[in-house]
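Asks: My structure is in input_16.tsv, and what it holds is TSV, C-alpha atoms:
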```
chain	number	residue	atom	x	y	z
V	144	MET	CA	15.64	-52.72	-52.44
V	145	GLU	CA	13.92	-50.29	-54.81
V	146	ASP	CA	14.29	-47.42	-52.34
V	147	ARG	CA	18.03	-48.08	-52.23
V	148	ARG	CA	18.22	-48.03	-56.02
V	149	ARG	CA	16.34	-44.74	-56.12
V	150	LYS	CA	18.73	-43.31	-53.55
V	151	ASN	CA	21.73	-44.48	-55.55
V	152	ILE	CA	20.57	-42.82	-58.75
V	153	SER	CA	19.31	-39.62	-57.09
V	154	PRO	CA	22.68	-37.79	-57.43
V	155	PHE	CA	22.53	-38.33	-61.21
V	156	ALA	CA	18.90	-37.19	-61.36
V	157	ARG	CA	19.48	-34.04	-59.35
V	158	PHE	CA	20.45	-31.82	-62.25
V	159	MET	CA	18.08	-33.28	-64.83
V	160	ASN	CA	15.06	-31.41	-66.16
V	161	LEU	CA	11.91	-32.78	-64.55
V	162	LYS	CA	9.61	-31.38	-67.25
V	163	CYS	CA	11.61	-33.21	-69.90
V	164	MET	CA	11.53	-36.46	-67.97
V	165	VAL	CA	7.76	-36.18	-67.55
V	166	GLY	CA	7.45	-35.74	-71.32
V	167	LEU	CA	9.78	-38.64	-72.09
V	168	THR	CA	7.94	-41.07	-69.84
V	169	GLY	CA	4.44	-39.93	-70.77
V	170	GLN	CA	3.53	-40.14	-67.07
V	171	GLN	CA	1.73	-36.81	-66.79
V	172	THR	CA	-0.06	-37.45	-63.48
V	173	ILE	CA	1.73	-38.18	-60.24
V	174	PHE	CA	0.34	-39.50	-56.97
V	175	PRO	CA	2.70	-38.38	-54.19
V	176	PHE	CA	1.83	-39.39	-50.64
V	177	TYR	CA	2.96	-38.58	-47.12
V	178	HIS	CA	1.96	-39.62	-43.63
V	179	VAL	CA	2.72	-36.72	-41.34
V	180	VAL	CA	4.17	-33.22	-41.14
V	181	SER	CA	5.43	-31.92	-37.80
V	182	ASP	CA	7.98	-29.64	-36.19
V	183	ARG	CA	7.93	-31.87	-33.13
V	184	SER	CA	9.79	-35.08	-32.41
V	185	LEU	CA	7.25	-37.89	-32.81
V	186	PRO	CA	8.31	-41.01	-30.87
V	187	HIS	CA	5.72	-43.17	-32.67
V	188	ILE	CA	7.25	-42.34	-36.07
V	189	LYS	CA	10.85	-41.21	-35.65
V	190	HIS	CA	12.26	-44.76	-35.75
V	191	LEU	CA	10.23	-45.76	-38.82
V	192	TYR	CA	10.74	-43.15	-41.54
V	193	HIS	CA	11.75	-39.58	-42.28
V	194	TYR	CA	9.05	-36.94	-42.06
V	195	ARG	CA	8.96	-33.29	-43.07
V	196	ASP	CA	8.81	-30.34	-40.73
V	197	GLU	CA	6.29	-27.66	-41.60
V	198	PHE	CA	8.76	-25.54	-43.55
V	199	GLY	CA	10.03	-28.54	-45.48
V	200	PHE	CA	6.56	-29.69	-46.42
V	201	GLU	CA	5.46	-26.25	-47.60
V	202	ARG	CA	8.64	-26.05	-49.68
V	203	ASP	CA	7.79	-29.47	-51.14
V	204	LEU	CA	4.27	-28.37	-51.91
V	205	ASP	CA	5.26	-25.09	-53.55
V	206	GLY	CA	7.86	-26.86	-55.67
V	207	MET	CA	5.38	-29.44	-56.93
V	208	LEU	CA	2.71	-26.82	-57.59
V	209	LYS	CA	5.03	-25.03	-60.01
V	210	LEU	CA	5.01	-28.10	-62.25
V	211	PHE	CA	1.81	-30.01	-61.50
V	212	GLU	CA	-1.80	-28.91	-61.33
V	213	PRO	CA	-3.38	-30.27	-58.12
V	214	ILE	CA	-6.62	-32.19	-58.65
V	215	SER	CA	-8.87	-34.39	-56.54
V	216	MET	CA	-9.21	-38.12	-57.13
V	217	ASP	CA	-12.73	-37.54	-58.40
V	218	GLN	CA	-11.38	-35.04	-60.94
V	219	PHE	CA	-8.67	-37.49	-61.99
V	220	LEU	CA	-11.21	-40.19	-62.77
V	221	LYS	CA	-13.08	-37.67	-64.92
V	222	TYR	CA	-10.02	-36.16	-66.64
V	223	GLU	CA	-8.04	-39.35	-67.32
V	224	GLY	CA	-7.99	-40.18	-71.00
V	225	GLN	CA	-9.09	-36.73	-72.09
V	226	PRO	CA	-6.85	-34.76	-74.49
V	227	GLY	CA	-4.67	-31.99	-73.17
V	228	GLY	CA	-1.70	-33.74	-71.57
V	229	LYS	CA	-1.49	-31.46	-68.54
V	230	ARG	CA	0.85	-32.32	-65.72
V	231	ARG	CA	-1.33	-33.10	-62.71
V	232	MET	CA	-0.99	-34.49	-59.20
V	233	VAL	CA	-3.31	-36.19	-56.74
V	234	LEU	CA	-1.91	-35.73	-53.25
V	235	SER	CA	-2.71	-38.16	-50.44
V	236	PHE	CA	-1.90	-38.86	-46.79
V	237	ASP	CA	-2.00	-42.21	-44.98
V	238	ASP	CA	-3.02	-43.26	-41.47
V	239	GLY	CA	-5.27	-40.32	-40.48
V	240	LEU	CA	-2.79	-38.75	-38.08
V	241	VAL	CA	-3.81	-35.74	-36.01
V	242	GLU	CA	-1.35	-33.46	-37.84
V	243	CYS	CA	-3.59	-33.81	-40.90
V	244	HIS	CA	-6.18	-31.70	-39.08
V	245	ARG	CA	-3.81	-29.45	-37.15
V	246	PHE	CA	-1.58	-28.35	-40.00
V	247	ILE	CA	-1.78	-30.22	-43.29
V	248	ALA	CA	-5.43	-29.69	-44.25
V	249	PRO	CA	-5.47	-25.99	-43.22
V	250	LEU	CA	-2.33	-25.35	-45.31
V	251	LEU	CA	-3.76	-27.19	-48.32
V	252	GLN	CA	-7.04	-25.32	-47.94
V	253	LYS	CA	-5.17	-22.02	-47.89
V	254	LYS	CA	-3.34	-22.93	-51.10
V	255	GLY	CA	-6.40	-24.43	-52.83
V	256	VAL	CA	-4.91	-27.93	-53.03
V	257	PRO	CA	-7.26	-30.94	-52.88
V	258	ALA	CA	-6.11	-34.10	-51.14
V	259	LEU	CA	-7.21	-37.58	-50.18
V	260	PHE	CA	-6.81	-38.81	-46.60
V	261	PHE	CA	-6.71	-42.58	-45.98
V	262	LEU	CA	-7.91	-43.69	-42.55
V	263	ASN	CA	-7.56	-46.79	-40.38
V	264	ASN	CA	-11.03	-47.19	-38.93
V	265	LEU	CA	-10.12	-48.72	-35.57
V	266	PHE	CA	-7.59	-45.98	-34.85
V	267	ILE	CA	-9.97	-43.03	-35.35
V	268	ASP	CA	-10.65	-41.37	-31.96
V	269	ASN	CA	-7.38	-42.89	-30.69
V	270	ARG	CA	-9.00	-46.17	-29.70
V	271	ASP	CA	-5.91	-48.18	-30.59
V	272	LEU	CA	-2.46	-47.78	-32.10
V	273	PHE	CA	-0.77	-49.18	-35.22
V	274	TYR	CA	1.61	-51.93	-34.16
V	275	ARG	CA	4.61	-50.36	-35.88
V	276	TYR	CA	3.95	-47.10	-34.03
V	277	LYS	CA	4.04	-49.15	-30.84
V	278	ALA	CA	7.40	-50.54	-31.93
V	279	SER	CA	8.81	-47.06	-32.54
V	280	ILE	CA	7.63	-45.85	-29.13
V	281	LEU	CA	9.26	-48.83	-27.45
V	282	ILE	CA	12.53	-48.30	-29.31
V	283	ASP	CA	12.52	-44.62	-28.37
V	284	ARG	CA	12.05	-45.47	-24.72
V	285	LEU	CA	14.66	-48.22	-24.64
V	286	LEU	CA	17.32	-46.10	-26.32
V	287	LEU	CA	16.88	-43.56	-23.53
V	288	ASP	CA	16.68	-46.03	-20.65
V	289	ARG	CA	19.51	-48.55	-20.33
V	290	ASN	CA	17.86	-50.31	-17.40
V	291	ALA	CA	14.69	-50.85	-19.44
V	292	MET	CA	16.82	-52.08	-22.35
V	293	ALA	CA	18.46	-54.63	-20.06
V	294	GLU	CA	15.07	-55.78	-18.76
V	295	VAL	CA	13.74	-56.34	-22.27
V	296	ALA	CA	16.92	-58.13	-23.36
V	297	ASP	CA	16.54	-60.47	-20.42
V	298	TYR	CA	12.84	-61.00	-21.18
V	299	LEU	CA	13.57	-61.84	-24.83
V	300	ALA	CA	16.69	-63.83	-23.89
V	301	ILE	CA	18.83	-61.98	-26.43
V	302	PRO	CA	21.84	-59.61	-26.18
V	303	GLU	CA	21.01	-55.94	-25.61
V	304	ASP	CA	22.44	-54.94	-28.98
V	305	GLN	CA	19.82	-57.12	-30.71
V	306	VAL	CA	16.76	-55.74	-28.92
V	307	VAL	CA	16.02	-52.88	-31.31
V	308	LYS	CA	16.25	-55.17	-34.33
V	309	ALA	CA	14.03	-57.73	-32.63
V	310	ILE	CA	11.34	-55.09	-32.02
V	311	GLN	CA	11.64	-53.75	-35.55
V	312	ILE	CA	10.87	-57.12	-37.12
V	313	VAL	CA	7.76	-57.88	-35.06
V	314	ASN	CA	4.92	-58.43	-37.56
V	315	PHE	CA	1.16	-57.91	-37.45
V	316	ARG	CA	0.41	-61.37	-36.06
V	317	GLN	CA	3.07	-61.01	-33.36
V	318	GLN	CA	1.96	-57.63	-32.01
V	319	PRO	CA	0.91	-59.05	-28.59
V	320	LEU	CA	4.65	-59.28	-27.99
V	321	LEU	CA	4.87	-55.48	-28.23
V	322	ASP	CA	2.10	-55.12	-25.67
V	323	ALA	CA	3.93	-57.50	-23.35
V	324	ILE	CA	7.17	-55.52	-23.66
V	325	ALA	CA	5.24	-52.28	-23.06
V	326	GLU	CA	3.79	-53.70	-19.85
V	327	LEU	CA	7.25	-54.78	-18.77
V	328	VAL	CA	8.63	-51.24	-19.11
V	329	GLU	CA	5.43	-49.61	-17.80
V	330	ILE	CA	4.15	-48.06	-21.03
V	331	ASP	CA	0.38	-47.90	-21.43
V	332	PHE	CA	-0.30	-47.17	-25.10
V	333	ILE	CA	-4.02	-46.47	-24.70
V	334	GLU	CA	-3.55	-44.19	-21.70
V	335	ASP	CA	-0.80	-42.30	-23.54
V	336	LEU	CA	-3.15	-41.85	-26.53
V	337	LYS	CA	-5.59	-40.04	-24.24
V	338	LYS	CA	-2.86	-37.61	-23.18
V	339	ARG	CA	-1.10	-37.28	-26.55
V	340	PRO	CA	-3.50	-38.13	-29.41
V	341	VAL	CA	-1.85	-39.67	-32.46
V	342	TYR	CA	-4.91	-39.87	-34.71
V	343	MET	CA	-7.76	-37.58	-35.71
V	344	THR	CA	-11.04	-37.78	-33.86
V	345	SER	CA	-14.34	-38.42	-35.62
V	346	ASP	CA	-15.16	-34.71	-35.35
V	347	GLN	CA	-11.83	-33.81	-36.93
V	348	VAL	CA	-12.48	-36.24	-39.79
V	349	LYS	CA	-15.87	-34.58	-40.25
V	350	ASP	CA	-14.04	-31.25	-40.49
V	351	ILE	CA	-11.78	-32.67	-43.19
V	352	VAL	CA	-14.81	-33.77	-45.19
V	353	LYS	CA	-16.62	-30.47	-44.58
V	354	TRP	CA	-13.56	-28.58	-45.85
V	355	GLY	CA	-13.92	-30.38	-49.15
V	356	PHE	CA	-11.24	-33.07	-48.86
V	357	GLU	CA	-11.74	-36.71	-49.83
V	358	ILE	CA	-11.28	-39.63	-47.45
V	359	GLY	CA	-10.75	-43.31	-48.11
V	360	GLY	CA	-10.13	-46.60	-46.35
V	361	HIS	CA	-6.70	-47.83	-45.32
V	362	SER	CA	-7.92	-51.08	-43.66
V	363	MET	CA	-9.39	-51.49	-40.21
V	364	ASP	CA	-6.11	-51.88	-38.30
V	365	HIS	CA	-3.23	-51.66	-40.80
V	366	PRO	CA	-2.25	-55.31	-41.34
V	367	ASP	CA	0.27	-56.49	-43.91
V	368	PHE	CA	-2.09	-57.80	-46.58
V	369	ALA	CA	0.50	-60.31	-47.77
V	370	ALA	CA	0.00	-62.12	-44.45
V	371	LEU	CA	-3.80	-62.36	-44.84
V	372	ASP	CA	-5.78	-64.95	-46.71
V	373	GLU	CA	-7.92	-63.79	-49.64
V	374	ASP	CA	-11.18	-63.68	-47.68
V	375	GLU	CA	-9.54	-61.58	-44.96
V	376	MET	CA	-8.28	-59.14	-47.59
V	377	VAL	CA	-11.74	-58.62	-49.05
V	378	ILE	CA	-13.32	-58.25	-45.60
V	379	GLN	CA	-10.73	-55.65	-44.56
V	380	VAL	CA	-11.39	-53.54	-47.67
V	381	LYS	CA	-15.17	-53.89	-47.63
V	382	THR	CA	-15.54	-53.23	-43.89
V	383	SER	CA	-13.18	-50.25	-43.91
V	384	ILE	CA	-14.96	-48.52	-46.77
V	385	LYS	CA	-18.50	-49.29	-45.58
V	386	ASP	CA	-17.75	-47.98	-42.10
V	387	LEU	CA	-16.40	-44.68	-43.47
V	388	GLN	CA	-19.37	-44.28	-45.80
V	389	ASP	CA	-21.82	-44.80	-42.96
V	390	ARG	CA	-20.02	-42.71	-40.33
V	391	PHE	CA	-19.03	-39.76	-42.49
V	392	GLU	CA	-21.72	-39.84	-45.19
V	393	ILE	CA	-19.37	-40.13	-48.14
V	394	LYS	CA	-20.01	-41.85	-51.47
V	395	PRO	CA	-16.64	-42.56	-53.13
V	396	ALA	CA	-15.08	-45.92	-52.28
V	397	PHE	CA	-11.32	-45.32	-52.33
V	398	PHE	CA	-8.90	-47.74	-50.66
V	399	ALA	CA	-5.12	-47.62	-50.14
V	400	PHE	CA	-3.52	-50.94	-49.29
V	401	PRO	CA	-1.49	-50.63	-46.07
V	402	PHE	CA	2.25	-51.02	-46.64
V	403	THR	CA	1.93	-52.13	-50.27
V	404	SER	CA	-0.31	-53.82	-52.82
V	405	GLU	CA	2.41	-56.41	-53.45
V	406	GLY	CA	1.18	-59.77	-52.26
V	407	VAL	CA	-2.45	-58.95	-53.04
V	408	PRO	CA	-3.53	-61.47	-55.71
V	409	LYS	CA	-4.93	-60.25	-59.02
V	410	LYS	CA	-8.01	-62.31	-58.23
V	411	VAL	CA	-8.71	-60.23	-55.12
V	412	ILE	CA	-8.23	-56.90	-56.87
V	413	GLY	CA	-10.49	-58.06	-59.68
V	414	GLN	CA	-13.13	-59.12	-57.16
V	415	LEU	CA	-13.04	-55.73	-55.43
V	416	PHE	CA	-13.86	-54.00	-58.71
V	417	LYS	CA	-16.28	-56.62	-60.02
V	418	GLU	CA	-18.41	-56.52	-56.87
V	419	GLY	CA	-18.38	-52.71	-56.75
V	420	ILE	CA	-16.61	-52.65	-53.40
V	421	VAL	CA	-14.12	-50.03	-54.60
V	422	ASP	CA	-14.05	-47.16	-57.07
V	423	ALA	CA	-10.25	-47.01	-56.96
V	424	VAL	CA	-7.41	-48.74	-55.14
V	425	PHE	CA	-3.87	-47.56	-54.43
V	426	GLY	CA	-0.46	-49.11	-53.86
V	427	THR	CA	2.91	-47.63	-52.96
V	428	ALA	CA	5.22	-48.90	-55.71
V	429	GLY	CA	6.14	-45.46	-57.07
V	430	LEU	CA	5.85	-44.33	-60.67
V	431	LYS	CA	4.46	-47.46	-62.31
V	432	LYS	CA	1.75	-48.40	-64.77
V	433	THR	CA	-1.18	-50.73	-64.20
V	434	ASP	CA	-3.85	-51.89	-66.63
V	435	ARG	CA	-6.57	-49.92	-64.83
V	436	LYS	CA	-6.86	-46.16	-64.53
V	437	ASN	CA	-8.40	-46.70	-61.10
V	438	PHE	CA	-5.63	-48.98	-59.81
V	439	ILE	CA	-2.92	-46.51	-58.96
V	440	GLN	CA	0.62	-46.75	-57.65
V	441	ARG	CA	1.66	-43.79	-55.51
V	442	ILE	CA	5.07	-42.25	-54.88
V	443	PRO	CA	6.33	-42.47	-51.25
V	444	MET	CA	7.69	-39.00	-50.53
V	445	GLU	CA	9.22	-39.89	-47.15
V	446	ALA	CA	11.28	-42.88	-48.30
V	447	LEU	CA	14.21	-40.64	-49.30
V	448	ALA	CA	15.39	-37.86	-47.02
V	449	MET	CA	15.41	-35.19	-49.72
V	450	PRO	CA	13.09	-32.46	-51.06
V	451	ALA	CA	10.09	-33.43	-53.18
V	452	LEU	CA	11.47	-32.37	-56.56
V	453	ARG	CA	14.62	-34.45	-56.03
V	454	VAL	CA	12.45	-37.43	-55.02
V	455	LEU	CA	10.41	-36.99	-58.20
V	456	LYS	CA	13.51	-36.64	-60.40
V	457	ALA	CA	14.89	-39.88	-58.96
V	458	GLU	CA	11.51	-41.55	-59.52
V	459	TYR	CA	11.29	-40.45	-63.16
V	460	LEU	CA	14.91	-41.38	-63.88
V	461	TYR	CA	14.35	-44.81	-62.35
V	462	PHE	CA	11.27	-45.20	-64.58
V	463	LEU	CA	13.31	-44.30	-67.68
V	464	LEU	CA	16.12	-46.69	-66.78
V	465	LYS	CA	13.68	-49.59	-66.32
V	466	ALA	CA	11.66	-48.87	-69.48
V	467	PRO	CA	13.84	-50.87	-71.92
V	468	PHE	CA	13.40	-53.95	-69.72
V	469	GLY	CA	9.62	-53.70	-69.39
V	470	LYS	CA	9.86	-53.26	-65.61
V	471	ASN	CA	7.43	-50.36	-65.24
V	472	TYR	CA	4.24	-52.40	-64.91
V	473	ASN	CA	2.72	-53.35	-61.59
V	474	HIS	CA	0.02	-56.01	-61.33
V	475	LYS	CA	-0.16	-56.27	-65.12
V	476	GLY	CA	-3.34	-57.89	-66.32
V	477	VAL	CA	-5.48	-56.91	-63.32
```
Please express the file's structure as C-alpha cells.

Replies:
Amino acid sequence: MEDRRRKNISPFARFMNLKCMVGLTGQQTIFPFYHVVSDRSLPHIKHLYHYRDEFGFERDLDGMLKLFEPISMDQFLKYEGQPGGKRRMVLSFDDGLVECHRFIAPLLQKKGVPALFFLNNLFIDNRDLFYRYKASILIDRLLLDRNAMAEVADYLAIPEDQVVKAIQIVNFRQQPLLDAIAELVEIDFIEDLKKRPVYMTSDQVKDIVKWGFEIGGHSMDHPDFAALDEDEMVIQVKTSIKDLQDRFEIKPAFFAFPFTSEGVPKKVIGQLFKEGIVDAVFGTAGLKKTDRKNFIQRIPMEALAMPALRVLKAEYLYFLLKAPFGKNYNHKGV
C-alpha cells in the first residue's frame, strides 16, 4: 500500500528540491538499500522486484553522493547526535548475493563508499535458496514452457491462469510445495546453484570484510518474522549474528529483519538490545523515525522503478505529507 502511495506522489515530487525537503524534515541521514545490481537477466529475482543494471546503479550512486556524505554504520553510531547537521547516508545490501562481490563492492571501493552487507547464514556458499527466489525461478520456467504450466495446474488442481499467483503467495511455512513443483518440472535448485551461484561464498564474504566493508545478519534462512513466535524471532537473530561473528571474526552485531520489522513485537526488540544481542537493528519502512538511534528504518530503492534521486524525493515528500498526522513514527516507544 505504501509503495503505491509513494508511486502516486512521485510525479509531484520529481521537480522539488531535495536539499530543501531534507532541511524541512530534519532527516539528515538516509539509509538506502538494494539487493542486487546486474546487467544479466536473473530468473531468481526478475519476478519479484526491479533491480538496477550496472549503469543505472552507478548513476544512482553518483547522484546520491552529490548530496549525501557516505559513512559506515559504525561512523553513524559515533556521529549521531553531534552538531553539524551534515547530510549523510549509510548504504546497505540484503541477501548476500554474488553480485555484491563481483561488481558492487569493487565499485564502492573504487569510489570510497562504505557499505553494510546483510547475509542469510544458511545461504552462504550456495547451500540453499531463499524460498521466494525458488518461486521466481519456477514462474520464469512456467511462463516459457506451456506444457510445464499445464502439468503444474493439474497438480495444484487450479486453472492455468491462476498458477503464477498461486506460486507467488506461497509463504515460508509452505515452501515444501515449491520443492514439490520443482521436482515435477525437473528443476533441481541445489544442483543449479552449483552451476550458477546465487550467493557469495565464505571466501568472498571474507574478501568483503578484508576490503573494509561491514557485514550483518539477515536471519538464518529469510523467514517472515511475523509468522514466527517470539522465541523463534530471538533465536533467528542471535544465531545469525553469532555465526557471522565466529566465522568471519567480526565484532559489530548488526541485524536487518527480513522483509520488514512490522510484526516484530516491541518486547522482542527491547529484549535484543537489553541482552546485548544486537548493536543495531534495521527495518524497511522507508524514511521514518524510531525512538532509538540504533533502530533504523531503511529506504527500499528497488520498490519503485525510477532513479535514486526520484525515489528519495518521493520518500521525503511522503514524509512531509504524513507529518501533520503524526504518521512518521515506526515502533514508537521501543

Asks: Which residue, V:Leu460, V:Val411, V:Ile173, V:Tyr194, has the smallest gap to Val233 in chain V when you use only C-alpha atoms?

Replies: V:Ile173

Asks: So that I can check the surroundings of range 438-441 of chain V, please list as a ChimeraX atom specification every protein, DNA and RNA residue that reaches within 6 Å of it, counting all atoms listed in the file and ignoring chain neighbours fewer than 2 positions away.

Replies: /V:174-175,423-429,435-436

Asks: Kindly indicate which residue among V:Asp297, V:Glu212, V:Asp372, V:Glu392 lies nearest to Lys229 in chain V, using all atoms listed in the file for the distances.

Replies: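 The shortest atom-to-atom distance to Lys229 in chain V comes from V:Glu212.
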
Asks: Considering all atoms listed in the file, can you say which of V:Lys456, V:Pro443, V:Thr168, V:Gly469 comes closest to Glu145 in chain V?

Replies: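 Looking only at the distances to Glu145 in chain V, the closest residue turns out to be V:Pro443.
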
Asks: Quick check, in Å to one decimal: how far apart do CA of Arg289 in chain V and CA of Leu327 in chain V lie?

Replies: 13.8 Å

Asks: At what distance in Å, to one decimal, does CA of Glu373 in chain V lie from CA of Lys410 in chain V?

Replies: 8.7 Å

Asks: Counting only C-alpha atoms, what is within 10 Å of Ile188 in chain V, bar same-chain residues fewer than 4 positions away, as a tab-separated table (two decimals) with C-alpha atoms, in the coordinates of the input?

Replies:
```tsv
chain	number	residue	atom	x	y	z
V	178	HIS	CA	1.96	-39.62	-43.63
V	179	VAL	CA	2.72	-36.72	-41.34
V	184	SER	CA	9.79	-35.08	-32.41
V	192	TYR	CA	10.74	-43.15	-41.54
V	193	HIS	CA	11.75	-39.58	-42.28
V	194	TYR	CA	9.05	-36.94	-42.06
V	275	ARG	CA	4.61	-50.36	-35.88
V	276	TYR	CA	3.95	-47.10	-34.03
V	277	LYS	CA	4.04	-49.15	-30.84
V	278	ALA	CA	7.40	-50.54	-31.93
V	279	SER	CA	8.81	-47.06	-32.54
V	280	ILE	CA	7.63	-45.85	-29.13
V	283	ASP	CA	12.52	-44.62	-28.37
```

Asks: Please check which residues have atoms at most 10 Å from (-15.7, -45.0, -48.9) in the file's coordinates, counting only C-alpha atoms, and write them as a PyMOL selection string.

Replies: chain V and resi 261+357-360+380-398+420-423

Asks: One decimal, Å: what's the distance from CA of His361 in chain V over to CA of Pro249 in chain V, could you say?

Replies: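 Separation of CA of His361 in chain V and CA of Pro249 in chain V: 22.0 Å.
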
Asks: Any idea what's packed within 10 Å of range 335-346 of chain V, counting all atoms listed in the file, ignoring anything in its chain fewer than 3 positions away? Could you give it as a PyMOL selection string?

Replies: chain V and resi 185+187+238-245+262-264+266-273+276+330-332+349-352+390-391

Asks: Point out the residue among V:Leu191, V:Leu234, V:Met444, V:Val377 with the least atom-to-atom distance to Phe416 in chain V, counting only C-alpha atoms.

Replies: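 Closest to Phe416 in chain V, using only C-alpha atoms: V:Val377.
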
Asks: Between V:Ile301, V:Val306, V:Phe402, V:Arg157, which has the minimum distance to His365 in chain V (counting all atoms listed in the file)?

Replies: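 Under the stated criterion, the closest residue is V:Phe402.
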
Asks: May I have the protein, DNA and RNA residues with an atom at most 10 Å from (18.6, -36.2, -62.3), counting all atoms listed in the file in the file's coordinates, returned as a list in words?

Replies: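 The answer, in the requested form, is Ile152, Ser153, Pro154, Phe155, Ala156, Arg157, Phe158, Met159, Asn160, Leu161, Met164, Leu452, Arg453, Val454, Leu455, Lys456, Ala457, Glu458, Tyr459, Leu460 and Tyr461 of chain V.
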
Asks: Taking only C-alpha atoms into account, name the residue in V:Lys417, V:Pro213, V:Ser404, V:Gln311 that is nearest to Gln252 in chain V.

Replies: V:Pro213

Asks: Box for range 155-171 of chain V: with edges along x, y and z, all listed atoms inside and 3 Å added on each side, what are the centre and edge lengths in Å to one decimal, as AutoDock Vina command-line options?

Replies:
```
--center_x 12.1 --center_y -36.2 --center_z -65.7 --size_x 26.8 --size_y 15.7 --size_z 18.7
```
